[in-house]
>>> print(open('target-v1.pdb').read())   # PDB, C-alpha atoms and all ligand atoms
MODEL        1
ATOM      1  CA  MET E1036       3.509   2.662  47.530
ATOM      2  CA  ASP E1037      -0.146   3.492  47.643
ATOM      3  CA  PRO E1038      -2.189   1.227  45.374
ATOM      4  CA  ALA E1039      -3.512   4.065  43.169
ATOM      5  CA  LYS E1040       0.025   5.308  42.548
ATOM      6  CA  ARG E1041       1.262   1.784  41.855
ATOM      7  CA  ALA E1042      -1.546   1.264  39.346
ATOM      8  CA  SER E1043      -0.718   4.501  37.589
ATOM      9  CA  VAL E1044       2.994   3.635  37.402
ATOM     10  CA  GLY E1045       2.026   0.188  36.078
ATOM     11  CA  THR E1046      -0.100   1.719  33.338
ATOM     12  CA  ARG E1047       2.697   4.102  32.393
ATOM     13  CA  VAL E1048       5.216   1.282  32.150
ATOM     14  CA  GLU E1049       2.783  -0.791  30.133
ATOM     15  CA  GLU E1050       2.233   2.133  27.759
ATOM     16  CA  GLN E1051       6.002   2.591  27.425
ATOM     17  CA  VAL E1052       6.479  -1.078  26.617
ATOM     18  CA  LYS E1053       3.677  -0.949  24.062
ATOM     19  CA  ASP E1054       5.187   2.194  22.533
ATOM     20  CA  TRP E1055       8.539   0.529  22.286
ATOM     21  CA  LEU E1056       7.134  -2.624  20.695
ATOM     22  CA  ARG E1057       5.215  -0.511  18.223
ATOM     23  CA  TYR E1058       8.313   1.524  17.495
ATOM     24  CA  GLY E1059      10.357  -1.654  17.020
ATOM     25  CA  GLU E1060       7.818  -2.982  14.570
ATOM     26  CA  GLU E1061       7.743   0.270  12.666
ATOM     27  CA  LEU E1062      11.491   0.180  12.378
ATOM     28  CA  GLY E1063      11.467  -3.397  11.223
ATOM     29  CA  LEU E1064      13.634  -4.382  14.155
ATOM     30  CA  GLY E1065      11.621  -7.358  15.187
ATOM     31  CA  PRO E1066      12.776 -10.667  13.801
ATOM     32  CA  TYR E1067      10.822 -12.157  16.664
ATOM     33  CA  TYR E1068       7.728 -10.944  14.921
ATOM     34  CA  ARG E1069       8.558 -12.662  11.706
ATOM     35  CA  ASP E1070       7.238 -15.982  12.883
ATOM     36  CA  ARG E1071       3.844 -14.536  13.557
ATOM     37  CA  ALA E1072       1.173 -15.354  11.060
ATOM     38  CA  PRO E1073       0.716 -12.496   8.623
ATOM     39  CA  SER E1074      -2.607 -10.846   9.090
ATOM     40  CA  HIS E1075      -4.394  -8.474   6.842
ATOM     41  CA  GLN E1076      -6.947  -7.723   9.480
ATOM     42  CA  PRO E1077      -9.524  -5.226   8.554
ATOM     43  CA  SER E1078      -8.614  -3.144  11.604
ATOM     44  CA  GLU E1079      -9.180  -0.618   8.954
ATOM     45  CA  PRO E1080     -12.792   0.398   8.811
ATOM     46  CA  ALA E1081     -14.830  -1.413   6.242
ATOM     47  CA  SER E1082     -14.820   1.286   3.627
ATOM     48  CA  ILE E1083     -12.097   3.405   2.212
ATOM     49  CA  GLU E1084     -14.154   6.445   2.957
ATOM     50  CA  THR E1085     -14.106   5.817   6.664
ATOM     51  CA  ALA E1086     -10.499   4.810   6.732
ATOM     52  CA  GLU E1087      -9.350   7.860   4.947
ATOM     53  CA  SER E1088     -11.752  10.456   6.139
ATOM     54  CA  ALA E1089     -11.352   9.902   9.823
ATOM     55  CA  PRO E1090      -7.701   9.609  10.690
ATOM     56  CA  ALA E1091      -8.390  10.832  14.185
ATOM     57  CA  LYS E1092     -10.710   7.914  14.712
ATOM     58  CA  MET E1093      -8.162   5.300  13.685
ATOM     59  CA  ALA E1094      -7.193   2.916  16.432
ATOM     60  CA  PRO E1095      -3.810   4.118  17.666
ATOM     61  CA  ALA E1096      -2.742   0.551  18.263
ATOM     62  CA  ALA E1097      -2.821  -0.269  14.552
ATOM     63  CA  VAL E1098       0.807  -0.726  13.727
ATOM     64  CA  VAL E1099       2.986  -1.768  10.884
ATOM     65  CA  ARG E1100       3.210  -5.471  11.582
ATOM     66  CA  ARG E1101       5.989  -6.386   9.336
ATOM     67  CA  ALA E1102       8.619  -4.097   8.024
ATOM     68  CA  PRO E1103       7.743  -3.060   4.531
ATOM     69  CA  VAL E1104      10.444  -4.472   2.364
ATOM     70  CA  ALA E1105      13.096  -2.045   3.387
ATOM     71  CA  ALA E1106      11.337  -0.403   6.267
ATOM     72  CA  LEU E1107       9.504   2.648   7.256
ATOM     73  CA  SER E1108      11.394   5.805   6.559
ATOM     74  CA  ALA E1109      13.026   7.464   9.493
ATOM     75  CA  ALA E1110      10.554  10.296   9.170
ATOM     76  CA  SER E1111       7.741   8.011  10.196
ATOM     77  CA  ALA E1112       9.252   7.039  13.527
ATOM     78  CA  PRO E1113       7.109   8.338  16.346
ATOM     79  CA  LYS E1114       8.551  11.581  17.635
ATOM     80  CA  SER E1115       8.021  10.587  21.224
ATOM     81  CA  ALA E1116       9.341   7.083  20.734
ATOM     82  CA  PRO E1117      10.993   5.647  23.796
ATOM     83  CA  SER E1118      14.596   4.660  23.397
ATOM     84  CA  PRO E1119      15.540   1.887  25.788
ATOM     85  CA  ASN E1120      18.326   1.010  23.398
ATOM     86  CA  PRO E1121      20.276   4.200  22.722
ATOM     87  CA  ALA E1122      22.356   2.525  20.007
ATOM     88  CA  ALA E1123      19.260   1.648  18.041
ATOM     89  CA  ALA E1124      17.748   5.045  18.656
ATOM     90  CA  ALA E1125      20.861   6.753  17.328
ATOM     91  CA  ALA E1126      21.050   4.701  14.148
ATOM     92  CA  PRO E1127      21.016   7.182  11.280
ATOM     93  CA  ALA E1128      19.226   5.027   8.735
ATOM     94  CA  ILE E1129      16.644   2.399   9.291
ATOM     95  CA  VAL E1130      17.072  -0.635   7.148
ATOM     96  CA  ALA E1131      15.414  -4.005   7.507
ATOM     97  CA  PRO E1132      17.871  -6.851   8.008
ATOM     98  CA  ALA E1133      18.694  -8.147   4.542
ATOM     99  CA  SER E1134      18.690 -11.704   5.786
ATOM    100  CA  LEU E1135      15.063 -11.508   6.729
ATOM    101  CA  PRO E1136      13.022 -10.864   3.633
ATOM    102  CA  SER E1137       9.410  -9.954   4.119
ATOM    103  CA  LEU E1138       6.704 -12.245   2.855
ATOM    104  CA  PHE E1139       6.415 -10.540  -0.491
ATOM    105  CA  GLU E1140      10.104  -9.934  -0.920
ATOM    106  CA  SER E1141      10.639 -13.639  -0.464
ATOM    107  CA  ILE E1142       8.261 -14.537  -3.263
ATOM    108  CA  ASP E1143      10.624 -15.855  -5.869
ATOM    109  CA  ARG E1144      11.386 -13.540  -8.677
ATOM    110  CA  ILE E1145      10.811 -15.452 -11.856
ATOM    111  CA  VAL E1146      13.687 -15.336 -14.274
ATOM    112  CA  ASP E1147      12.736 -13.928 -17.693
ATOM    113  CA  ASP E1148       9.191 -13.303 -16.582
ATOM    114  CA  THR E1149       7.006 -11.206 -18.863
ATOM    115  CA  LEU E1150       3.625  -9.570 -18.609
ATOM    116  CA  ALA E1151       2.358 -11.957 -21.279
ATOM    117  CA  ARG E1152       3.490 -14.937 -19.243
ATOM    118  CA  ILE E1153       1.833 -13.579 -16.117
ATOM    119  CA  ARG E1154      -1.406 -13.107 -18.032
ATOM    120  CA  GLU E1155      -1.090 -16.613 -19.391
ATOM    121  CA  ASP E1156      -0.528 -18.001 -15.901
ATOM    122  CA  ILE E1157      -3.624 -16.228 -14.635
ATOM    123  CA  GLY E1158      -5.553 -17.903 -17.424
ATOM    124  CA  ASP E1159      -9.286 -18.149 -16.981
ATOM    125  CA  CYS E1160      -8.713 -17.965 -13.251
ATOM    126  CA  THR E1161     -10.965 -19.731 -10.759
ATOM    127  CA  ARG E1162      -8.478 -19.631  -7.870
ATOM    128  CA  CYS E1163     -10.733 -17.546  -5.646
ATOM    129  CA  LYS E1164     -14.430 -16.885  -5.301
ATOM    130  CA  LEU E1165     -14.263 -13.554  -7.125
ATOM    131  CA  HIS E1166     -14.246 -15.386 -10.443
ATOM    132  CA  LYS E1167     -17.905 -16.255  -9.965
ATOM    133  CA  GLY E1168     -19.128 -12.718 -10.452
ATOM    134  CA  ARG E1169     -16.677 -11.344 -12.932
ATOM    135  CA  THR E1170     -17.200 -10.471 -16.561
ATOM    136  CA  ASN E1171     -13.537  -9.839 -17.378
ATOM    137  CA  ILE E1172     -10.240 -10.287 -15.653
ATOM    138  CA  VAL E1173      -8.730  -6.824 -15.307
ATOM    139  CA  PHE E1174      -5.050  -7.519 -15.716
ATOM    140  CA  GLY E1175      -3.570  -4.041 -15.951
ATOM    141  CA  VAL E1176      -2.828  -1.529 -18.630
ATOM    142  CA  GLY E1177      -0.173   0.896 -19.730
ATOM    143  CA  ASN E1178       3.471   1.165 -20.565
ATOM    144  CA  PRO E1179       5.208  -2.126 -19.751
ATOM    145  CA  LYS E1180       8.364  -0.127 -19.064
ATOM    146  CA  ALA E1181       6.644   2.581 -17.038
ATOM    147  CA  GLU E1182       8.628   4.453 -14.445
ATOM    148  CA  LEU E1183       5.432   4.985 -12.514
ATOM    149  CA  LEU E1184       3.015   2.232 -11.524
ATOM    150  CA  PHE E1185      -0.315   2.987  -9.886
ATOM    151  CA  VAL E1186      -1.916   0.220  -7.851
ATOM    152  CA  GLY E1187      -5.607   0.331  -6.995
ATOM    153  CA  GLU E1188      -7.814  -1.998  -5.080
ATOM    154  CA  GLY E1189      -9.847  -3.995  -7.556
ATOM    155  CA  PRO E1190     -12.068  -3.495 -10.565
ATOM    156  CA  GLY E1191     -15.452  -1.870 -10.193
ATOM    157  CA  HIS E1192     -18.453  -2.260 -12.469
ATOM    158  CA  ASP E1193     -17.070  -0.288 -15.428
ATOM    159  CA  GLU E1194     -13.683  -1.948 -15.217
ATOM    160  CA  ASP E1195     -15.263  -5.391 -15.039
ATOM    161  CA  ILE E1196     -17.248  -4.694 -18.195
ATOM    162  CA  LYS E1197     -14.343  -3.181 -20.076
ATOM    163  CA  GLY E1198     -11.534  -5.348 -18.753
ATOM    164  CA  GLU E1199      -9.433  -2.264 -18.047
ATOM    165  CA  PRO E1200      -8.558  -0.686 -14.696
ATOM    166  CA  PHE E1201      -9.733   2.763 -13.686
ATOM    167  CA  VAL E1202     -12.126   3.561 -16.511
ATOM    168  CA  GLY E1203     -15.107   4.683 -14.407
ATOM    169  CA  ARG E1204     -15.524   7.985 -12.564
ATOM    170  CA  ALA E1205     -12.602   7.344 -10.270
ATOM    171  CA  GLY E1206     -10.587   6.358 -13.321
ATOM    172  CA  LYS E1207     -11.341   9.637 -15.039
ATOM    173  CA  LEU E1208     -10.082  11.453 -11.989
ATOM    174  CA  LEU E1209      -6.977   9.277 -11.965
ATOM    175  CA  THR E1210      -6.386  10.195 -15.612
ATOM    176  CA  GLN E1211      -6.653  13.885 -14.691
ATOM    177  CA  MET E1212      -4.186  13.359 -11.867
ATOM    178  CA  ILE E1213      -1.771  11.658 -14.262
ATOM    179  CA  GLU E1214      -2.131  14.491 -16.759
ATOM    180  CA  ALA E1215      -1.576  17.082 -14.034
ATOM    181  CA  MET E1216       1.763  15.348 -13.481
ATOM    182  CA  ASN E1217       2.553  16.091 -17.112
ATOM    183  CA  LEU E1218       2.197  12.443 -18.100
ATOM    184  CA  ARG E1219      -0.296  10.616 -20.256
ATOM    185  CA  ARG E1220      -2.189   7.555 -19.125
ATOM    186  CA  GLU E1221      -0.204   5.518 -21.666
ATOM    187  CA  ASP E1222       3.046   6.564 -19.988
ATOM    188  CA  VAL E1223       2.269   4.878 -16.698
ATOM    189  CA  TYR E1224       1.102   1.392 -15.766
ATOM    190  CA  ILE E1225      -2.103   0.846 -13.829
ATOM    191  CA  ALA E1226      -2.968  -2.364 -11.983
ATOM    192  CA  ASN E1227      -4.978  -3.543  -9.020
ATOM    193  CA  VAL E1228      -4.459  -5.780  -6.020
ATOM    194  CA  VAL E1229      -7.207  -8.142  -7.212
ATOM    195  CA  LYS E1230      -8.034  -8.688 -10.855
ATOM    196  CA  CYS E1231     -11.701  -9.582 -10.570
ATOM    197  CA  ARG E1232     -14.461  -7.342  -9.348
ATOM    198  CA  PRO E1233     -15.538  -7.897  -5.737
ATOM    199  CA  PRO E1234     -19.340  -8.127  -5.525
ATOM    200  CA  GLU E1235     -21.087  -4.855  -4.702
ATOM    201  CA  ASN E1236     -17.674  -3.205  -4.825
ATOM    202  CA  ARG E1237     -16.858  -4.517  -1.370
ATOM    203  CA  LEU E1238     -13.257  -4.574  -0.211
ATOM    204  CA  PRO E1239     -11.292  -7.573  -1.438
ATOM    205  CA  GLU E1240     -11.070 -10.192   1.297
ATOM    206  CA  LYS E1241      -7.886 -11.584   2.747
ATOM    207  CA  ASP E1242      -7.995 -14.894   0.881
ATOM    208  CA  GLU E1243      -8.689 -13.084  -2.398
ATOM    209  CA  ILE E1244      -5.771 -10.746  -1.826
ATOM    210  CA  THR E1245      -3.482 -13.599  -0.866
ATOM    211  CA  THR E1246      -4.448 -15.516  -3.976
ATOM    212  CA  CYS E1247      -4.223 -12.669  -6.451
ATOM    213  CA  SER E1248      -1.472 -10.362  -5.203
ATOM    214  CA  PRO E1249       1.436 -12.613  -6.241
ATOM    215  CA  PHE E1250       0.498 -11.772  -9.828
ATOM    216  CA  LEU E1251       0.764  -8.094  -8.963
ATOM    217  CA  MET E1252       4.197  -8.722  -7.436
ATOM    218  CA  ARG E1253       5.265 -10.370 -10.668
ATOM    219  CA  GLN E1254       3.951  -7.403 -12.645
ATOM    220  CA  ILE E1255       5.975  -5.080 -10.447
ATOM    221  CA  ASP E1256       9.085  -7.216 -10.916
ATOM    222  CA  VAL E1257       8.666  -7.238 -14.683
ATOM    223  CA  ILE E1258       7.820  -3.557 -15.111
ATOM    224  CA  LYS E1259      10.484  -2.466 -12.606
ATOM    225  CA  PRO E1260       8.980   0.981 -12.054
ATOM    226  CA  LYS E1261      10.963   3.638 -10.258
ATOM    227  CA  VAL E1262       7.890   4.535  -8.245
ATOM    228  CA  VAL E1263       4.906   2.513  -7.106
ATOM    229  CA  CYS E1264       2.013   4.733  -6.061
ATOM    230  CA  CYS E1265      -0.611   2.927  -3.997
ATOM    231  CA  LEU E1266      -4.092   4.329  -4.395
ATOM    232  CA  GLY E1267      -5.944   3.818  -1.151
ATOM    233  CA  SER E1268      -5.698   1.597   1.870
ATOM    234  CA  CYS E1269      -6.124  -1.771   0.227
ATOM    235  CA  ALA E1270      -3.146  -1.372  -2.097
ATOM    236  CA  ALA E1271      -0.998   0.297   0.532
ATOM    237  CA  GLN E1272      -1.760  -2.200   3.263
ATOM    238  CA  THR E1273      -1.293  -5.131   0.938
ATOM    239  CA  LEU E1274       2.058  -4.055  -0.428
ATOM    240  CA  LEU E1275       3.394  -2.794   2.873
ATOM    241  CA  GLN E1276       1.943  -5.719   4.814
ATOM    242  CA  THR E1277       0.420  -3.484   7.407
ATOM    243  CA  THR E1278      -2.911  -2.968   9.079
ATOM    244  CA  GLN E1279      -2.077   0.625   9.865
ATOM    245  CA  GLY E1280      -4.517   3.220   8.537
ATOM    246  CA  ILE E1281      -3.299   4.914   5.382
ATOM    247  CA  SER E1282      -3.495   8.354   6.923
ATOM    248  CA  ARG E1283      -0.658   7.303   9.253
ATOM    249  CA  PHE E1284       1.851   6.797   6.443
ATOM    250  CA  ARG E1285       0.403   8.500   3.367
ATOM    251  CA  GLY E1286       3.013  10.612   1.613
ATOM    252  CA  GLU E1287       5.937   8.709   3.179
ATOM    253  CA  TRP E1288       8.476   6.889   1.065
ATOM    254  CA  PHE E1289       9.176   3.190   1.427
ATOM    255  CA  ASP E1290      11.513   0.856  -0.395
ATOM    256  CA  PHE E1291       9.630  -1.871  -2.154
ATOM    257  CA  ARG E1292      11.033  -4.554  -4.437
ATOM    258  CA  GLY E1293      13.629  -2.208  -5.848
ATOM    259  CA  ALA E1294      11.183   0.661  -6.285
ATOM    260  CA  LYS E1295      10.222   3.604  -4.155
ATOM    261  CA  LEU E1296       6.696   3.249  -2.867
ATOM    262  CA  ILE E1297       4.333   5.973  -1.770
ATOM    263  CA  ALA E1298       0.687   5.701  -0.755
ATOM    264  CA  THR E1299      -1.970   8.281  -1.347
ATOM    265  CA  TYR E1300      -5.731   8.437  -1.153
ATOM    266  CA  HIS E1301      -7.877   6.577  -3.647
ATOM    267  CA  PRO E1302      -9.502   8.681  -6.396
ATOM    268  CA  ALA E1303     -12.918   7.265  -5.396
ATOM    269  CA  TYR E1304     -12.342   8.762  -1.974
ATOM    270  CA  LEU E1305     -11.474  12.088  -3.569
ATOM    271  CA  LEU E1306     -14.776  12.047  -5.442
ATOM    272  CA  ARG E1307     -16.501  11.909  -2.084
ATOM    273  CA  ASN E1308     -14.080  14.225  -0.313
ATOM    274  CA  PRO E1309     -12.730  16.784  -2.778
ATOM    275  CA  PRO E1310     -10.824  18.751  -0.098
ATOM    276  CA  ALA E1311      -8.444  15.797   0.212
ATOM    277  CA  LYS E1312      -7.250  16.489  -3.323
ATOM    278  CA  SER E1313      -4.718  18.959  -1.996
ATOM    279  CA  GLU E1314      -3.110  16.214   0.107
ATOM    280  CA  VAL E1315      -2.988  13.913  -2.869
ATOM    281  CA  TRP E1316      -1.466  16.633  -5.005
ATOM    282  CA  LYS E1317       1.295  17.024  -2.408
ATOM    283  CA  ASP E1318       1.973  13.273  -2.650
ATOM    284  CA  LEU E1319       1.989  13.366  -6.434
ATOM    285  CA  GLN E1320       4.410  16.262  -6.365
ATOM    286  CA  LYS E1321       6.778  14.093  -4.352
ATOM    287  CA  VAL E1322       6.467  11.451  -7.046
ATOM    288  CA  MET E1323       7.137  14.062  -9.716
ATOM    289  CA  ALA E1324      10.260  15.217  -7.900
ATOM    290  CA  VAL E1325      11.612  11.662  -7.879
ATOM    291  CA  LEU E1326      10.782  11.210 -11.561
ATOM    292  CA  GLY E1327      12.096  14.663 -12.525
ATOM    293  CA  LEU E1328       8.714  15.842 -13.822
ATOM    294  CA  GLN E1329       7.523  19.421 -13.990
ATOM    295  CA  PRO E1330       3.808  20.130 -13.486
ATOM    296  CA  ARG E1331       1.839  20.579 -16.650
ATOM    297  CA  LYS E1332       1.635  24.206 -17.826
ATOM    298  CA  ARG E1333      -1.957  25.406 -18.029
TER     299      ARG E1333
HETATM  300  N1  LIG T1401     -10.970   1.335  -8.226
HETATM  301  C1  LIG T1401      -9.888   0.558  -8.166
HETATM  302  O1  LIG T1401      -9.291   0.398  -7.131
HETATM  303  N2  LIG T1401      -9.457  -0.003  -9.287
HETATM  304  C2  LIG T1401     -10.061   0.159 -10.447
HETATM  305  O2  LIG T1401      -9.601  -0.398 -11.415
HETATM  306  C3  LIG T1401     -11.200   0.980 -10.469
HETATM  307  C4  LIG T1401     -11.642   1.554  -9.372
ENDMDL
END
>>> encode(input="target-v1.pdb", output="C-alpha cells", more="lines below")
Ligand code: URA
Amino acid sequence: MDPAKRASVGTRVEEQVKDWLRYGEELGLGPYYRDRAPSHQPSEPASIETAESAPAKMAPAAVVRRAPVAALSAASAPKSAPSPNPAAAAAPAIVAPASLPSLFESIDRIVDDTLARIREDIGDCTRCKLHKGRTNIVFGVGNPKAELLFVGEGPGHDEDIKGEPFVGRAGKLLTQMIEAMNLRREDVYIANVVKCRPPENRLPEKDEITTCSPFLMRQIDVIKPKVVCCLGSCAAQTLLQTTQGISRFRGEWFDFRGAKLIATYHPAYLLRNPPAKSEVWKDLQKVMAVLGLQPRKR
C-alpha cells in the first residue's frame, strides 16, 4: 500500500477507536476506566461564559469520564457512533452496571441524616482554603422536602454577605425563572457545590470541590428531590463527574442518586447572554413536565 494511503487508513482506524472509546465511556460501559483517578480537569474554559457561549469551540475530545450514576441517556449517544459490538449497540436502554457505583454514588448514605446534622458537621469549616476569605458559610435554603433542587457553583459577594445562595443579580433571575415555572422560591431548595465564596468569584478548584461536595451529596440524599437542576458547568460537571462541556449534555436527563438530573445554563451566564434564555426555558419546561407543573399564567 502506498505510504500516504496507509497513513490515511491508520488515522481513520485511530479515529474509529477513539470514537468507540468515547462512546463506551458515554454509555458507562467501561469498568476498565473505573480504576482511573477521577479528574475534574478544567478542560472546560476558565469561565462559565466561555464554556457556555462557545459550544463550537469546545474540545471534541472532552468526554464523560465516568458514567453519571445511572448513565447518559440513550439520546446522548453519538449518532455516528461506531458499533464494533452489535449486541451492545442494540441494547435498548443504557444502564450503568449496578455493581459498579460511581464515586459519588458510593459515598455512604448516612442513616437518619438531616439538614441540621449536615450543617452541624460543616461547623465553622476550615477544611479547605476557601474559609480564609469567607464571611458566611452558604449552606442552602428552601423547602427541605422540595421536589426540585437547584445546584449552583458557589456563593458570590452578595451570598457571602447574606449567607444565602442566589441573592445577587443572578439570584434575582433565578427567582424569576422559578416563578415562571409557577413555583415560589420557598417551594424549591437551592444549594451550591461549594459553600464558601471563591476569591474574586473564580471557579471553585478541584480540591475545594472534593472537600465540599460530599455535604451537597448528603443534602441531596436528605431532601430526596424528584429533580436536580444543575445551574452551569461547575454543578453539572461535579455531579455527573465529567469534564465534558455543558453544551454537550444540557437539557438531557440523567439518573442521579434516585433523582432525575438535568443541567442548564447558569443565570449569571444568562445575564451576559440573554438570547440563551430560550434554551434554558426549554430545559425548565422539561423539568415542569416531570413535576406536572403548568407555566404561570400572565
Ligand atoms: N452563583 C452561584 O453559583 N451560586 C450562588 O449562590 C450565587 C451565584
>>> resolve_selection(input="target-v1.pdb", expression="the PyMOL selection byres (((chain E and resi 1170) around 12) and not hetatm)", output="MDAnalysis selection string")
chainID E and resid 1159:1160 1165:1169 1171:1173 1190:1199 1230:1234
>>> residues_near_ligand(input="target-v1.pdb", ligand="ligand LIG 1401 (chain T)", cutoff="7 Å", atoms="all atoms listed in the file", output="tab-separated table (two decimals) with C-alpha atoms, in the frame of the given file")
chain	number	residue	atom	x	y	z
E	1187	GLY	CA	-5.61	0.33	-7.00
E	1188	GLU	CA	-7.81	-2.00	-5.08
E	1189	GLY	CA	-9.85	-4.00	-7.56
E	1190	PRO	CA	-12.07	-3.50	-10.56
E	1191	GLY	CA	-15.45	-1.87	-10.19
E	1194	GLU	CA	-13.68	-1.95	-15.22
E	1199	GLU	CA	-9.43	-2.26	-18.05
E	1200	PRO	CA	-8.56	-0.69	-14.70
E	1201	PHE	CA	-9.73	2.76	-13.69
E	1202	VAL	CA	-12.13	3.56	-16.51
E	1203	GLY	CA	-15.11	4.68	-14.41
E	1205	ALA	CA	-12.60	7.34	-10.27
E	1206	GLY	CA	-10.59	6.36	-13.32
E	1226	ALA	CA	-2.97	-2.36	-11.98
E	1227	ASN	CA	-4.98	-3.54	-9.02
E	1303	ALA	CA	-12.92	7.26	-5.40
>>> residues_around(input="target-v1.pdb", residues="Thr1210 of chain E", least_positions_apart="4", cutoff="8 Å", atoms="all atoms listed in the file", output="PyMOL selection string")
chain E and resi 1206+1214+1219-1220
>>> residues_around(input="target-v1.pdb", residues="Val1223 of chain E", least_positions_apart="2", cutoff="12 Å", atoms="only C-alpha atoms", output="MDAnalysis selection string")
chainID E and resid 1175:1186 1209:1210 1212:1214 1216:1221 1225:1226 1258:1264 1326
>>> closest_residue(input="target-v1.pdb", among="E:Leu1305, E:Leu1319, E:Ile1145, E:Ala1298", to="Lys1207 of chain E", atoms="all atoms listed in the file")
E:Leu1305
>>> resolve_selection(input="target-v1.pdb", expression="the PyMOL selection byres (((chain E and resi 1245-1247) around 9) and not hetatm)", output="list in words")
Ile1157, Arg1162, Cys1163, Val1228, Val1229, Lys1230, Glu1240, Lys1241, Asp1242, Glu1243, Ile1244, Ser1248, Pro1249, Phe1250, Leu1251 and Thr1273 of chain E
>>> atom_distance(input="target-v1.pdb", atom1="atom CA of Leu1208 of chain E", atom2="atom CA of Gly1280 of chain E")
22.8 Å
>>> atom_distance(input="target-v1.pdb", atom1="atom CA of Val1315 of chain E", atom2="atom CA of Glu1287 of chain E")
12.0 Å
>>> atom_distance(input="target-v1.pdb", atom1="atom CA of Arg1292 of chain E", atom2="atom CA of Asp1148 of chain E")
15.1 Å
>>> resolve_selection(input="target-v1.pdb", expression="the PyMOL selection byres (((chain E and resi 1321) around 12) and not hetatm)", output="list in words")
Met1216, Val1262, Cys1264, Arg1285, Gly1286, Glu1287, Trp1288, Lys1295, Leu1296, Ile1297, Ala1298, Thr1299, Glu1314, Val1315, Trp1316, Lys1317, Asp1318, Leu1319, Gln1320, Val1322, Met1323, Ala1324, Val1325, Leu1326, Gly1327, Leu1328, Gln1329 and Pro1330 of chain E
>>> build_atoms(input="target-v1.pdb", residues="segment 1213-1229 of chain E", atoms="N, CA and C atoms", output="PDB file, keeping the file's coordinate frame")
ATOM      1  N   ILE E1213      -2.957  12.036 -13.476  1.00  0.00           N
ATOM      2  CA  ILE E1213      -1.771  11.658 -14.262  1.00  0.00           C
ATOM      3  C   ILE E1213      -1.396  12.803 -15.200  1.00  0.00           C
ATOM      4  N   GLU E1214      -2.416  13.398 -15.812  1.00  0.00           N
ATOM      5  CA  GLU E1214      -2.131  14.491 -16.759  1.00  0.00           C
ATOM      6  C   GLU E1214      -1.612  15.725 -16.036  1.00  0.00           C
ATOM      7  N   ALA E1215      -2.095  15.946 -14.822  1.00  0.00           N
ATOM      8  CA  ALA E1215      -1.576  17.082 -14.034  1.00  0.00           C
ATOM      9  C   ALA E1215      -0.092  16.886 -13.726  1.00  0.00           C
ATOM     10  N   MET E1216       0.336  15.635 -13.727  1.00  0.00           N
ATOM     11  CA  MET E1216       1.763  15.348 -13.481  1.00  0.00           C
ATOM     12  C   MET E1216       2.572  15.482 -14.771  1.00  0.00           C
ATOM     13  N   ASN E1217       1.888  15.916 -15.814  1.00  0.00           N
ATOM     14  CA  ASN E1217       2.553  16.091 -17.112  1.00  0.00           C
ATOM     15  C   ASN E1217       2.885  14.741 -17.755  1.00  0.00           C
ATOM     16  N   LEU E1218       2.055  13.764 -17.477  1.00  0.00           N
ATOM     17  CA  LEU E1218       2.197  12.443 -18.100  1.00  0.00           C
ATOM     18  C   LEU E1218       0.886  12.125 -18.811  1.00  0.00           C
ATOM     19  N   ARG E1219       0.939  11.124 -19.669  1.00  0.00           N
ATOM     20  CA  ARG E1219      -0.296  10.616 -20.256  1.00  0.00           C
ATOM     21  C   ARG E1219      -0.574   9.254 -19.624  1.00  0.00           C
ATOM     22  N   ARG E1220      -1.808   8.854 -19.693  1.00  0.00           N
ATOM     23  CA  ARG E1220      -2.189   7.555 -19.125  1.00  0.00           C
ATOM     24  C   ARG E1220      -1.329   6.436 -19.715  1.00  0.00           C
ATOM     25  N   GLU E1221      -1.005   6.567 -21.001  1.00  0.00           N
ATOM     26  CA  GLU E1221      -0.204   5.518 -21.666  1.00  0.00           C
ATOM     27  C   GLU E1221       1.236   5.483 -21.154  1.00  0.00           C
ATOM     28  N   ASP E1222       1.656   6.538 -20.474  1.00  0.00           N
ATOM     29  CA  ASP E1222       3.046   6.564 -19.988  1.00  0.00           C
ATOM     30  C   ASP E1222       3.231   5.719 -18.734  1.00  0.00           C
ATOM     31  N   VAL E1223       2.149   5.559 -17.989  1.00  0.00           N
ATOM     32  CA  VAL E1223       2.269   4.878 -16.698  1.00  0.00           C
ATOM     33  C   VAL E1223       1.677   3.471 -16.828  1.00  0.00           C
ATOM     34  N   TYR E1224       1.788   2.687 -15.778  1.00  0.00           N
ATOM     35  CA  TYR E1224       1.102   1.392 -15.766  1.00  0.00           C
ATOM     36  C   TYR E1224       0.094   1.437 -14.619  1.00  0.00           C
ATOM     37  N   ILE E1225      -1.050   0.836 -14.849  1.00  0.00           N
ATOM     38  CA  ILE E1225      -2.103   0.846 -13.829  1.00  0.00           C
ATOM     39  C   ILE E1225      -2.560  -0.598 -13.584  1.00  0.00           C
ATOM     40  N   ALA E1226      -2.543  -0.996 -12.329  1.00  0.00           N
ATOM     41  CA  ALA E1226      -2.968  -2.364 -11.983  1.00  0.00           C
ATOM     42  C   ALA E1226      -3.726  -2.316 -10.660  1.00  0.00           C
ATOM     43  N   ASN E1227      -4.222  -3.442 -10.270  1.00  0.00           N
ATOM     44  CA  ASN E1227      -4.978  -3.543  -9.020  1.00  0.00           C
ATOM     45  C   ASN E1227      -4.468  -4.700  -8.171  1.00  0.00           C
ATOM     46  N   VAL E1228      -4.830  -4.674  -6.909  1.00  0.00           N
ATOM     47  CA  VAL E1228      -4.459  -5.780  -6.020  1.00  0.00           C
ATOM     48  C   VAL E1228      -5.183  -7.056  -6.432  1.00  0.00           C
ATOM     49  N   VAL E1229      -6.481  -6.968  -6.698  1.00  0.00           N
ATOM     50  CA  VAL E1229      -7.207  -8.142  -7.212  1.00  0.00           C
ATOM     51  C   VAL E1229      -7.708  -7.842  -8.620  1.00  0.00           C
TER      52      VAL E1229
END
